[in-house]
Amino acid sequence: MCGIVGVLGNHEVAPLLVEALKRLEYRGYDSAGIATVNHGKLDRRRAVGKLVNLSDLLVHEPLAGKSGIGHTRWATHGAATVTNAHPHRAGGVAVVHNGIIENFRELRAELAAEGYTPESETDTETVVLLTRRAMDKGATPVEAAQETLSRLHGAFALCFLFDGQDDLMIAARKGSPLAIGWGEGEMFVGSDAIALAPMTDRITYLDEGDWAVVTRAGAEIFDAQNRRANRPETRIHLDATRIEKAGYKHFMAKEIAEQPVVIADSLRHYTSSKGTLELPKALDFKGISRVTLVACGTASYACHVAKYWFEQIAGLPADIDIASEFRYRDPVLSPASMAIFVSQSGETADTLAALRHVADKVAKVVAVVNVPTSSIAREADLALPIHAGVEVGVASTKAFTCQLTTLALMALKAAQDRGRISATDLKARLETLRALPGLMNAALALSDPIAKIAEDLARAQDVLFLGRGPMYPLALEGALKLKEISYIHAEGYASGELKHGPIALIDAEVPVIVLAPKDALFDKTVSNMQEVMARHGKVLLLSDAAGIEAAGQGTWKTLTLPTVEPLWAPILYAVPAQLLAYHTAIAKGTDVDQPRNLAKSVTVE
């Protein structure tokens with residue numbers, strides 16, 4: 001979501017801050033700003049909209065100084081305005097903040113009673129007002145920040161900068177990620193290692209509740225009880241943080257095209273050429289009576305597909321939960337169950353909170369993440385990286401199919417551990433998985449015909465997606481992709497649910513996208529498709545050659561995909577679903593990589 005960067009440098013920091021913020025644009029934002037200290041004087045610049053607006057402002061109103069903080073804001077409290085943009089300032093203190101201060105209203109009332117009134121609508125301004133009040137009463141900057149942190153409830157990553165202090169930043173995290181970067185006579189703070197990559201490859205991730213006093217000489221880190229803490233330094237691989245379009249018009253297009261390669265990488269990490277699984281030994285399903293799969297958004301649909309796999313392949317009961325609802329339904333958990341948390345960023349606030357809720361209530365907590373250094377990965381008993389590489393487009397594509405691939409391998413491991421699959425059958429299943437990269441290349445070749453279909457789809461007001469079995473969650477995901485980047489209202493349904501309500505929406509203007517490989521459920525899906533066509537609905541059928549031959553007559557359009565093992569069809573069919581959304585967004589002229597109101601890493605509840 002929001003992005004934070006801080007620099008105590010040896011050179012002018014304004015250009016460094018802006019460049020670092022550019023690397024965080026993929027997280028989603030609607031305003032941006034920086035603050036610097038120059039010869040002891042604190043000043044700031046803020047602008048609404050894209051970073052280019054801030055850059056233009058800095059041309060006309062330069063900001064000097066070798067110490068500074070920067071921020072890209074995704075609005076939670078208050079509209080996207082200059083007044084609500086970060087950094088917020090009160091007197092001699094400026095702050096940038098990711099997260100939400102839950103008790104800001106009572107704190108604001110307390111401060112107002114003493115004459116400290118806010119200028120903005122934000123919860124963040126409460127932080128700078130608390131700090132200013134403490135300093136007005138004689139506290140040092142460090143003492144004032146520490147006192148402020150003790151008053152805050154909620155989730156936050158914070159970075160403080162002070163008037164008169166050219167060599168001081170204070171960083172703190174609770175619920176939102178924050179890292180410290182180490183340089184030679186320079187120090188850095190960032191919400192994402194990607195932001196710091198051009199400046200350093202030496203990173204220390206703050207633990208939950210940590211706060212740090214940062215100077216050019218280094219960082220003193222304290223835990224939630226204000227005890228000195230030693231946190232390990234990590235070397236990040238700079239190649240893994242490179243953000244380039246590589247000739248593609250959009251990051252999303254590049255990431256869709258990368259899927260055959262990253263799926264092959266994921267399979268290579270977790271299987272052997274001999275046809276065996278190479279998952280960590282700690283991933284043991286012996287004695288596990290149930291799995292609980294928890295995630296948000298696209299990742300939750302990956303979990304929904306995996307439910308079919310765990311139950312059909314391994315005979316292991318599986319529950320799926322949306323992370324934001326999980327804790328609040330007071331789930332009944334068993335010490336013989338395994339909880340699996342799926343998140344691209346590994347920082348999703350609801351998913352992280354759900355993980356902490358079950359930590360001492362289940363046999364094992366497993367994280368399926370794209371960022372192995374993330375909070376969810378670090379707090380789980382076992383983390384399985386999906387090996388998708390950096391995903392910049394807000395609408396997840398390659399991370400989704402890599403999540404599916406990793407979950408498929410986990411289901412096979414569960415079947416193996418539970419004696420539900422022979423070595424011969426396991427090898428055969430793995431062979432069908434290894435065929436996926438080649439099949440995905442064939443699916444990518446459909447991009448041009450999909451672009452032509454998208455020209456018509458772009459004129460629709462409503463679109464329905466239908467699927468049965470493991471294709472039902474893919475229908476949900478296909479609808480989500482279309483909504484996210486084209487802003488067309490779209491809904492996914494289990495095909496059999498069509499006549500229980502959604503069929504009332506069918507008319508000649510509503511495209512219905514049917515995801516139906518010729519599998520055991522194909523004939524039933526075709527019956528539902530016929531119900532649509534009988535009401536003059538426009539059916540776009542996605543199937544293999546046998547399916548198109550059997551059911552393609554009378555459809556509006558068809559797309560022929562390669563024949564695939566039915567279990568893994570959701571992984572393959574994700575590609576045309578993504579391309580439909582992408583090309584429809586292109587036809588509508590929307591912002592494909594940074595769709596309105598959305599953020600890549602959702603670090604607030």
# chains A, B, ... in the order shown; residues from 1 in each chain; ligands from 1
>>> residues_around(residues="Thr406 of chain A", least_positions_apart="5", cutoff="8 Å", atoms="only C-alpha atoms", output="count of residues only")
5
>>> residues_around(residues="Ala504 of chain A", least_positions_apart="2", cutoff="12 Å", atoms="only C-alpha atoms", output="number ranges by chain")
A: 464, 497-502, 506-507, 510, 531-532, 535, 537
>>> select_by_dssp(residues="segment 198-233 of chain A", states="strand (DSSP E or B)", output="PyMOL selection string")
chain A and resi 202-205+211-215+218-222+228+233
>>> write_last_selection(atoms="all heavy atoms", output="short mmCIF file (atom, residue, chain, number, x, y, z; two decimals), in the first residue's frame")
data_model
loop_
_atom_site.label_atom_id
_atom_site.label_comp_id
_atom_site.auth_asym_id
_atom_site.auth_seq_id
_atom_site.Cartn_x
_atom_site.Cartn_y
_atom_site.Cartn_z
N ARG A 202 22.32 -4.15 1.92
CA ARG A 202 22.39 -4.63 3.31
C ARG A 202 21.14 -4.13 4.05
O ARG A 202 20.96 -2.94 4.26
CB ARG A 202 23.66 -4.12 3.99
CG ARG A 202 24.95 -4.60 3.35
CD ARG A 202 26.15 -3.81 3.82
NE ARG A 202 26.25 -3.78 5.28
CZ ARG A 202 26.86 -2.84 5.98
NH1 ARG A 202 27.43 -1.81 5.34
NH2 ARG A 202 26.91 -2.90 7.29
N ILE A 203 20.31 -5.08 4.45
CA ILE A 203 18.99 -4.75 5.00
C ILE A 203 18.79 -5.44 6.35
O ILE A 203 19.15 -6.60 6.53
CB ILE A 203 17.86 -5.22 4.04
CG1 ILE A 203 18.00 -4.54 2.68
CG2 ILE A 203 16.49 -4.96 4.63
CD1 ILE A 203 17.74 -3.06 2.68
N THR A 204 18.21 -4.70 7.28
CA THR A 204 17.74 -5.28 8.55
C THR A 204 16.24 -5.04 8.64
O THR A 204 15.79 -3.89 8.59
CB THR A 204 18.44 -4.62 9.75
OG1 THR A 204 19.84 -4.94 9.72
CG2 THR A 204 17.86 -5.15 11.06
N TYR A 205 15.49 -6.12 8.77
CA TYR A 205 14.04 -6.00 8.90
C TYR A 205 13.68 -5.84 10.38
O TYR A 205 14.11 -6.64 11.22
CB TYR A 205 13.34 -7.24 8.33
CG TYR A 205 13.49 -7.36 6.84
CD1 TYR A 205 14.50 -8.17 6.29
CD2 TYR A 205 12.65 -6.68 5.98
CE1 TYR A 205 14.65 -8.28 4.92
CE2 TYR A 205 12.79 -6.79 4.59
CZ TYR A 205 13.79 -7.59 4.08
OH TYR A 205 13.94 -7.69 2.72
N TRP A 211 11.40 -0.41 17.36
CA TRP A 211 11.63 0.97 16.94
C TRP A 211 13.14 1.21 16.96
O TRP A 211 13.87 0.50 17.65
CB TRP A 211 10.88 1.98 17.79
CG TRP A 211 11.25 2.03 19.25
CD1 TRP A 211 10.87 1.16 20.22
CD2 TRP A 211 12.06 3.02 19.89
NE1 TRP A 211 11.40 1.52 21.43
CE2 TRP A 211 12.12 2.68 21.27
CE3 TRP A 211 12.72 4.16 19.45
CZ2 TRP A 211 12.83 3.43 22.20
CZ3 TRP A 211 13.43 4.92 20.37
CH2 TRP A 211 13.47 4.55 21.73
N ALA A 212 13.59 2.16 16.15
CA ALA A 212 15.03 2.33 15.98
C ALA A 212 15.41 3.80 15.93
O ALA A 212 14.70 4.61 15.35
CB ALA A 212 15.50 1.62 14.71
N VAL A 213 16.55 4.10 16.54
CA VAL A 213 17.16 5.42 16.44
C VAL A 213 18.26 5.31 15.39
O VAL A 213 19.23 4.56 15.55
CB VAL A 213 17.75 5.86 17.79
CG1 VAL A 213 18.43 7.22 17.65
CG2 VAL A 213 16.67 5.90 18.86
N VAL A 214 18.08 6.03 14.28
CA VAL A 214 18.97 5.88 13.13
C VAL A 214 19.79 7.15 12.94
O VAL A 214 19.25 8.26 12.91
CB VAL A 214 18.16 5.60 11.84
CG1 VAL A 214 19.09 5.35 10.66
CG2 VAL A 214 17.21 4.42 12.04
N THR A 215 21.12 6.99 12.87
CA THR A 215 22.03 8.07 12.54
C THR A 215 22.96 7.57 11.43
O THR A 215 22.94 6.38 11.09
CB THR A 215 22.87 8.51 13.74
OG1 THR A 215 23.75 7.43 14.11
CG2 THR A 215 21.98 8.87 14.93
N GLY A 218 24.89 4.44 12.22
CA GLY A 218 24.25 3.13 12.37
C GLY A 218 22.86 3.25 12.96
O GLY A 218 22.23 4.33 12.93
N ALA A 219 22.37 2.15 13.53
CA ALA A 219 21.01 2.13 14.09
C ALA A 219 21.02 1.38 15.42
O ALA A 219 21.61 0.30 15.53
CB ALA A 219 20.04 1.47 13.12
N GLU A 220 20.37 1.98 16.40
CA GLU A 220 20.10 1.29 17.67
C GLU A 220 18.65 0.84 17.63
O GLU A 220 17.73 1.66 17.49
CB GLU A 220 20.30 2.23 18.86
CG GLU A 220 21.74 2.58 19.16
CD GLU A 220 21.82 3.42 20.43
OE1 GLU A 220 21.59 4.64 20.32
OE2 GLU A 220 22.10 2.86 21.50
N ILE A 221 18.45 -0.45 17.76
CA ILE A 221 17.10 -1.02 17.64
C ILE A 221 16.62 -1.46 19.02
O ILE A 221 17.37 -2.07 19.79
CB ILE A 221 17.10 -2.22 16.67
CG1 ILE A 221 17.57 -1.75 15.27
CG2 ILE A 221 15.70 -2.84 16.57
CD1 ILE A 221 17.74 -2.88 14.27
N PHE A 222 15.35 -1.13 19.29
CA PHE A 222 14.73 -1.49 20.56
C PHE A 222 13.46 -2.29 20.28
O PHE A 222 12.76 -2.03 19.29
CB PHE A 222 14.38 -0.23 21.36
CG PHE A 222 15.56 0.66 21.66
CD1 PHE A 222 15.97 1.62 20.73
CD2 PHE A 222 16.29 0.51 22.83
CE1 PHE A 222 17.06 2.43 20.99
CE2 PHE A 222 17.39 1.32 23.10
CZ PHE A 222 17.77 2.29 22.18
N ARG A 228 17.17 -3.08 24.22
CA ARG A 228 18.01 -3.13 23.03
C ARG A 228 17.87 -4.50 22.37
O ARG A 228 17.84 -5.54 23.05
CB ARG A 228 19.47 -2.89 23.38
CG ARG A 228 19.76 -1.42 23.70
CD ARG A 228 21.24 -1.24 24.00
NE ARG A 228 21.53 0.14 24.36
CZ ARG A 228 21.90 1.07 23.50
NH1 ARG A 228 22.05 0.75 22.22
NH2 ARG A 228 22.15 2.31 23.90
N GLU A 233 21.27 -8.87 9.88
CA GLU A 233 21.41 -8.14 8.63
C GLU A 233 21.30 -9.13 7.47
O GLU A 233 21.86 -10.22 7.53
CB GLU A 233 22.77 -7.44 8.58
CG GLU A 233 23.00 -6.60 7.34
CD GLU A 233 24.38 -5.97 7.33
OE1 GLU A 233 24.74 -5.29 8.32
OE2 GLU A 233 25.12 -6.18 6.34
#
>>> residues_around(residues="Thr124 of chain A", least_positions_apart="6", cutoff="12 Å", atoms="only C-alpha atoms", output="PyMOL selection string")
chain A and resi 73+75-78+83-90+94-105+107-108+118+130-131+148+152-160
>>> closest_residue(among="A:Glu110, A:Glu19, A:Glu455, A:Glu255", to="Asp593 of chain A", atoms="only C-alpha atoms")
A:Glu255
>>> residues_around(residues="Glu325 of chain A", least_positions_apart="4", cutoff="12 Å", atoms="only C-alpha atoms", output="list of chain:residue names")
A:Val294, A:Ala295, A:Cys296, A:Ser300, A:Ile320, A:Asp321, A:Arg329, A:Asp330, A:Pro331, A:Asp350, A:Thr351, A:Ala353, A:Ala354, A:His357, A:Glu605
>>> write_last_selection(atoms="all heavy atoms", output="JSON list (two decimals), in the first residue's frame")
[["chain", "number", "residue", "atom", "x", "y", "z"],
["A", 294, "VAL", "N", -6.22, -19.71, 4.24],
["A", 294, "VAL", "CA", -6.64, -18.34, 4.55],
["A", 294, "VAL", "C", -5.89, -17.36, 3.64],
["A", 294, "VAL", "O", -4.67, -17.44, 3.50],
["A", 294, "VAL", "CB", -6.36, -18.00, 6.03],
["A", 294, "VAL", "CG1", -6.88, -16.61, 6.37],
["A", 294, "VAL", "CG2", -6.99, -19.04, 6.95],
["A", 295, "ALA", "N", -6.64, -16.42, 3.05],
["A", 295, "ALA", "CA", -6.02, -15.44, 2.16],
["A", 295, "ALA", "C", -7.03, -14.35, 1.83],
["A", 295, "ALA", "O", -8.18, -14.40, 2.27],
["A", 295, "ALA", "CB", -5.52, -16.12, 0.88],
["A", 296, "CYS", "N", -6.59, -13.37, 1.04],
["A", 296, "CYS", "CA", -7.44, -12.27, 0.58],
["A", 296, "CYS", "C", -7.39, -12.19, -0.94],
["A", 296, "CYS", "O", -6.38, -12.55, -1.55],
["A", 296, "CYS", "CB", -6.97, -10.93, 1.15],
["A", 296, "CYS", "SG", -7.02, -10.80, 2.93],
["A", 300, "SER", "N", -7.07, -15.71, -2.27],
["A", 300, "SER", "CA", -8.16, -16.52, -1.71],
["A", 300, "SER", "C", -8.76, -17.42, -2.77],
["A", 300, "SER", "O", -9.21, -18.54, -2.48],
["A", 300, "SER", "CB", -9.24, -15.64, -1.08],
["A", 300, "SER", "OG", -10.02, -15.00, -2.07],
["A", 320, "ILE", "N", -11.74, -23.03, 3.50],
["A", 320, "ILE", "CA", -11.17, -21.79, 2.97],
["A", 320, "ILE", "C", -11.82, -20.61, 3.68],
["A", 320, "ILE", "O", -13.03, -20.62, 3.95],
["A", 320, "ILE", "CB", -11.35, -21.66, 1.45],
["A", 320, "ILE", "CG1", -12.80, -21.95, 1.02],
["A", 320, "ILE", "CG2", -10.38, -22.54, 0.71],
["A", 320, "ILE", "CD1", -13.07, -21.65, -0.43],
["A", 321, "ASP", "N", -11.02, -19.64, 4.02],
["A", 321, "ASP", "CA", -11.52, -18.47, 4.71],
["A", 321, "ASP", "C", -10.93, -17.21, 4.11],
["A", 321, "ASP", "O", -9.74, -17.16, 3.78],
["A", 321, "ASP", "CB", -11.14, -18.50, 6.20],
["A", 321, "ASP", "CG", -12.19, -19.20, 7.04],
["A", 321, "ASP", "OD1", -13.20, -18.56, 7.38],
["A", 321, "ASP", "OD2", -11.99, -20.40, 7.35],
["A", 329, "ARG", "N", -15.18, -14.73, 12.97],
["A", 329, "ARG", "CA", -16.20, -15.78, 13.09],
["A", 329, "ARG", "C", -15.83, -16.78, 14.19],
["A", 329, "ARG", "O", -16.53, -17.77, 14.38],
["A", 329, "ARG", "CB", -16.40, -16.49, 11.76],
["A", 329, "ARG", "CG", -15.29, -17.42, 11.32],
["A", 329, "ARG", "CD", -15.71, -18.19, 10.07],
["A", 329, "ARG", "NE", -14.68, -19.08, 9.58],
["A", 329, "ARG", "CZ", -14.47, -20.32, 10.03],
["A", 329, "ARG", "NH1", -15.22, -20.80, 11.01],
["A", 329, "ARG", "NH2", -13.51, -21.06, 9.51],
["A", 330, "ASP", "N", -14.74, -16.49, 14.90],
["A", 330, "ASP", "CA", -14.29, -17.34, 16.00],
["A", 330, "ASP", "C", -14.16, -18.79, 15.54],
["A", 330, "ASP", "O", -14.87, -19.68, 16.01],
["A", 330, "ASP", "CB", -15.26, -17.25, 17.18],
["A", 330, "ASP", "CG", -14.64, -17.75, 18.48],
["A", 330, "ASP", "OD1", -13.40, -17.88, 18.53],
["A", 330, "ASP", "OD2", -15.39, -18.03, 19.43],
["A", 331, "PRO", "N", -13.26, -19.06, 14.59],
["A", 331, "PRO", "CA", -13.17, -20.40, 13.99],
["A", 331, "PRO", "C", -12.79, -21.47, 15.01],
["A", 331, "PRO", "O", -12.01, -21.22, 15.94],
["A", 331, "PRO", "CB", -12.06, -20.23, 12.95],
["A", 331, "PRO", "CG", -11.24, -19.10, 13.45],
["A", 331, "PRO", "CD", -12.20, -18.16, 14.11],
["A", 350, "ASP", "N", -4.67, -8.30, 6.91],
["A", 350, "ASP", "CA", -5.67, -9.23, 7.40],
["A", 350, "ASP", "C", -5.12, -10.65, 7.50],
["A", 350, "ASP", "O", -5.43, -11.39, 8.44],
["A", 350, "ASP", "CB", -6.90, -9.22, 6.48],
["A", 350, "ASP", "CG", -7.70, -7.92, 6.60],
["A", 350, "ASP", "OD1", -7.98, -7.52, 7.74],
["A", 350, "ASP", "OD2", -8.02, -7.32, 5.57],
["A", 351, "THR", "N", -4.32, -11.04, 6.52],
["A", 351, "THR", "CA", -3.76, -12.39, 6.52],
["A", 351, "THR", "C", -2.76, -12.55, 7.64],
["A", 351, "THR", "O", -2.71, -13.59, 8.32],
["A", 351, "THR", "CB", -3.11, -12.69, 5.15],
["A", 351, "THR", "OG1", -4.06, -12.41, 4.11],
["A", 351, "THR", "CG2", -2.69, -14.14, 5.06],
["A", 353, "ALA", "N", -2.76, -10.88, 10.48],
["A", 353, "ALA", "CA", -3.52, -10.93, 11.74],
["A", 353, "ALA", "C", -4.15, -12.30, 11.94],
["A", 353, "ALA", "O", -4.19, -12.83, 13.06],
["A", 353, "ALA", "CB", -4.60, -9.84, 11.73],
["A", 354, "ALA", "N", -4.64, -12.91, 10.86],
["A", 354, "ALA", "CA", -5.22, -14.24, 10.96],
["A", 354, "ALA", "C", -4.17, -15.27, 11.34],
["A", 354, "ALA", "O", -4.43, -16.18, 12.15],
["A", 354, "ALA", "CB", -5.88, -14.62, 9.63],
["A", 357, "HIS", "N", -3.53, -15.14, 14.92],
["A", 357, "HIS", "CA", -4.67, -15.66, 15.68],
["A", 357, "HIS", "C", -4.56, -17.17, 15.90],
["A", 357, "HIS", "O", -5.00, -17.69, 16.92],
["A", 357, "HIS", "CB", -5.97, -15.33, 14.93],
["A", 357, "HIS", "CG", -7.21, -15.80, 15.62],
["A", 357, "HIS", "ND1", -7.72, -15.17, 16.73],
["A", 357, "HIS", "CD2", -8.04, -16.84, 15.35],
["A", 357, "HIS", "CE1", -8.82, -15.81, 17.12],
["A", 357, "HIS", "NE2", -9.03, -16.82, 16.30],
["A", 605, "GLU", "N", -6.34, -3.03, 7.62],
["A", 605, "GLU", "CA", -7.55, -3.86, 7.65],
["A", 605, "GLU", "C", -8.68, -3.14, 6.94],
["A", 605, "GLU", "O", -8.78, -1.93, 6.97],
["A", 605, "GLU", "CB", -7.94, -4.13, 9.11],
["A", 605, "GLU", "CG", -7.06, -5.19, 9.78],
["A", 605, "GLU", "CD", -7.69, -5.70, 11.05],
["A", 605, "GLU", "OE1", -8.77, -6.33, 10.98],
["A", 605, "GLU", "OE2", -7.12, -5.44, 12.11]]
>>> select_by_dssp(residues="segment 75-282 of chain A", states="alpha helix (DSSP H)", output="PyMOL selection string")
chain A and resi 104-113+125-136+141-151+193-196+251-257+259-270
>>> residues_around(residues="Leu277 of chain A", least_positions_apart="2", cutoff="9 Å", atoms="only C-alpha atoms", output="list in words")
Tyr270, Thr271, Ser272, Gly275, Leu279, Leu409, Leu412, Lys413, Leu426, Lys427 and Leu430 of chain A
>>> write_last_selection(atoms="N, CA and C atoms", output="PDB file, in the first residue's frame")
ATOM      1  N   TYR A 270      10.806 -27.379  -6.460  1.00  0.00           N
ATOM      2  CA  TYR A 270      10.081 -28.285  -5.553  1.00  0.00           C
ATOM      3  C   TYR A 270       9.907 -29.702  -6.077  1.00  0.00           C
ATOM      4  N   THR A 271      10.496 -30.013  -7.246  1.00  0.00           N
ATOM      5  CA  THR A 271      10.441 -31.381  -7.758  1.00  0.00           C
ATOM      6  C   THR A 271      11.805 -31.759  -8.308  1.00  0.00           C
ATOM      7  N   SER A 272      12.012 -33.057  -8.494  1.00  0.00           N
ATOM      8  CA  SER A 272      13.269 -33.534  -9.078  1.00  0.00           C
ATOM      9  C   SER A 272      13.011 -34.077 -10.472  1.00  0.00           C
ATOM     10  N   GLY A 275      11.069 -37.375 -10.914  1.00  0.00           N
ATOM     11  CA  GLY A 275       9.636 -37.496 -10.694  1.00  0.00           C
ATOM     12  C   GLY A 275       9.254 -37.615  -9.234  1.00  0.00           C
ATOM     13  N   LEU A 279       9.845 -30.983  -1.636  1.00  0.00           N
ATOM     14  CA  LEU A 279       9.361 -29.990  -0.678  1.00  0.00           C
ATOM     15  C   LEU A 279      10.066 -30.185   0.657  1.00  0.00           C
ATOM     16  N   LEU A 409       1.423 -28.762  -5.622  1.00  0.00           N
ATOM     17  CA  LEU A 409       2.492 -29.633  -5.119  1.00  0.00           C
ATOM     18  C   LEU A 409       2.261 -30.000  -3.655  1.00  0.00           C
ATOM     19  N   LEU A 412      -0.270 -32.749  -3.559  1.00  0.00           N
ATOM     20  CA  LEU A 412       0.359 -34.023  -3.896  1.00  0.00           C
ATOM     21  C   LEU A 412       1.187 -34.555  -2.737  1.00  0.00           C
ATOM     22  N   LYS A 413       1.866 -33.663  -2.029  1.00  0.00           N
ATOM     23  CA  LYS A 413       2.629 -34.078  -0.844  1.00  0.00           C
ATOM     24  C   LYS A 413       1.693 -34.634   0.222  1.00  0.00           C
ATOM     25  N   LEU A 426       2.206 -40.568  -8.611  1.00  0.00           N
ATOM     26  CA  LEU A 426       2.770 -39.258  -8.295  1.00  0.00           C
ATOM     27  C   LEU A 426       3.649 -38.775  -9.442  1.00  0.00           C
ATOM     28  N   LYS A 427       4.482 -39.662  -9.954  1.00  0.00           N
ATOM     29  CA  LYS A 427       5.354 -39.289 -11.070  1.00  0.00           C
ATOM     30  C   LYS A 427       4.524 -38.854 -12.279  1.00  0.00           C
ATOM     31  N   LEU A 430       3.107 -35.397 -11.669  1.00  0.00           N
ATOM     32  CA  LEU A 430       4.141 -34.374 -11.810  1.00  0.00           C
ATOM     33  C   LEU A 430       4.470 -34.121 -13.280  1.00  0.00           C
TER      34      LEU A 430
END
>>> closest_residue(among="A:Val592, A:Ala302, A:Leu598, A:Ala546", to="Lys249 of chain A", atoms="only C-alpha atoms")
A:Val592
>>> closest_residue(among="A:Ala479, A:Pro198, A:Met471, A:Leu541", to="Leu521 of chain A", atoms="only C-alpha atoms")
A:Met471
>>> residues_around(residues="Leu572 of chain A", least_positions_apart="4", cutoff="8 Å", atoms="only C-alpha atoms", output="list in words")
Leu436, Leu439, Met440, Ala443, Val564 and Trp568 of chain A
>>> write_last_selection(atoms="N, CA, C and O atoms", output="short mmCIF file (atom, residue, chain, number, x, y, z; two decimals), in the first residue's frame")
data_model
loop_
_atom_site.label_atom_id
_atom_site.label_comp_id
_atom_site.auth_asym_id
_atom_site.auth_seq_id
_atom_site.Cartn_x
_atom_site.Cartn_y
_atom_site.Cartn_z
N LEU A 436 2.77 -27.92 -18.11
CA LEU A 436 2.05 -26.65 -18.08
C LEU A 436 2.80 -25.49 -18.74
O LEU A 436 2.18 -24.70 -19.47
N LEU A 439 2.13 -25.58 -22.39
CA LEU A 439 0.72 -25.31 -22.68
C LEU A 439 0.41 -23.82 -22.48
O LEU A 439 -0.39 -23.24 -23.22
N MET A 440 1.04 -23.21 -21.49
CA MET A 440 0.82 -21.78 -21.25
C MET A 440 1.37 -20.94 -22.40
O MET A 440 0.79 -19.90 -22.76
N ALA A 443 -1.24 -20.92 -24.88
CA ALA A 443 -2.34 -20.04 -24.48
C ALA A 443 -1.98 -18.57 -24.71
O ALA A 443 -2.83 -17.76 -25.10
N VAL A 564 -5.50 -30.18 -21.41
CA VAL A 564 -4.71 -30.18 -20.18
C VAL A 564 -5.30 -31.17 -19.20
O VAL A 564 -6.51 -31.47 -19.25
N TRP A 568 -5.41 -29.55 -13.37
CA TRP A 568 -4.56 -28.35 -13.46
C TRP A 568 -5.12 -27.31 -14.42
O TRP A 568 -4.47 -26.30 -14.68
#
>>> residues_around(residues="Leu8 of chain A", least_positions_apart="3", cutoff="10 Å", atoms="only C-alpha atoms", output="list in words")
His11, Glu12, Val13, Thr36, Val37, Gly65, Lys66, Ser67, Gly68, Ile69, Asp166, Asp167, Leu168, Met169, Gly183, Gly185, Glu186, Met187, Phe188, Val189, Val214, Thr215, Arg216 and Ala217 of chain A
>>> closest_residue(among="A:Ala224, A:Ile236, A:Val366, A:Met252", to="Asp591 of chain A", atoms="only C-alpha atoms")
A:Met252
>>> closest_residue(among="A:Cys2, A:Lys364, A:Arg132, A:Leu352", to="Gly115 of chain A", atoms="only C-alpha atoms")
A:Arg132
>>> closest_residue(among="A:Ala282, A:Ala253, A:Val365, A:Ala408", to="Arg378 of chain A", atoms="only C-alpha atoms")
A:Val365
>>> closest_atom_pairs(of="segment 217-324 of chain A", to="segment 472-477 of chain A", cutoff="6 Å", atoms="only C-alpha atoms", output="CSV")
residue,atom,partner,partner_atom,distance
A:Tyr301,CA,A:Pro473,CA,5.5
A:His304,CA,A:Pro473,CA,5.9
A:Val305,CA,A:Pro473,CA,5.9
>>> decode(residues="segment 26-62 of chain A", atoms="C-alpha atoms", output="compact mmCIF listing (two decimals), in the first residue's frame")
# COMPACT_ATOMS: atom_id res chain seq x y z
CA TYR A 26 3.51 -0.35 -7.96
CA ARG A 27 2.13 -0.47 -4.42
CA GLY A 28 -0.59 2.04 -5.37
CA TYR A 29 -0.92 5.69 -4.24
CA ASP A 30 -2.81 8.91 -4.84
CA SER A 31 -0.44 11.57 -3.46
CA ALA A 32 3.22 11.91 -2.60
CA GLY A 33 5.60 14.12 -0.66
CA ILE A 34 9.06 14.53 0.83
CA ALA A 35 10.57 16.42 3.77
CA THR A 36 14.22 17.31 4.29
CA VAL A 37 16.44 18.90 6.90
CA ASN A 38 18.88 21.41 5.42
CA HIS A 39 21.35 23.13 7.76
CA GLY A 40 18.98 22.31 10.60
CA LYS A 41 15.84 23.60 8.89
CA LEU A 42 12.94 21.20 8.28
CA ASP A 43 10.85 21.76 5.15
CA ARG A 44 8.56 19.70 2.90
CA ARG A 45 6.87 19.47 -0.51
CA ARG A 46 3.66 17.56 -1.30
CA ALA A 47 1.56 16.95 -4.40
CA VAL A 48 -1.62 15.08 -5.35
CA GLY A 49 -1.59 12.44 -8.07
CA LYS A 50 1.39 10.81 -9.74
CA LEU A 51 5.00 11.36 -8.71
CA VAL A 52 5.58 13.45 -11.80
CA ASN A 53 3.50 16.15 -10.11
CA LEU A 54 5.84 16.12 -7.12
CA SER A 55 8.85 16.17 -9.45
CA ASP A 56 7.42 19.20 -11.28
CA LEU A 57 6.84 20.96 -7.97
CA LEU A 58 10.43 20.33 -6.90
CA VAL A 59 11.69 21.92 -10.11
CA HIS A 60 9.91 25.17 -9.22
CA GLU A 61 10.34 24.88 -5.43
CA PRO A 62 13.55 22.90 -4.81
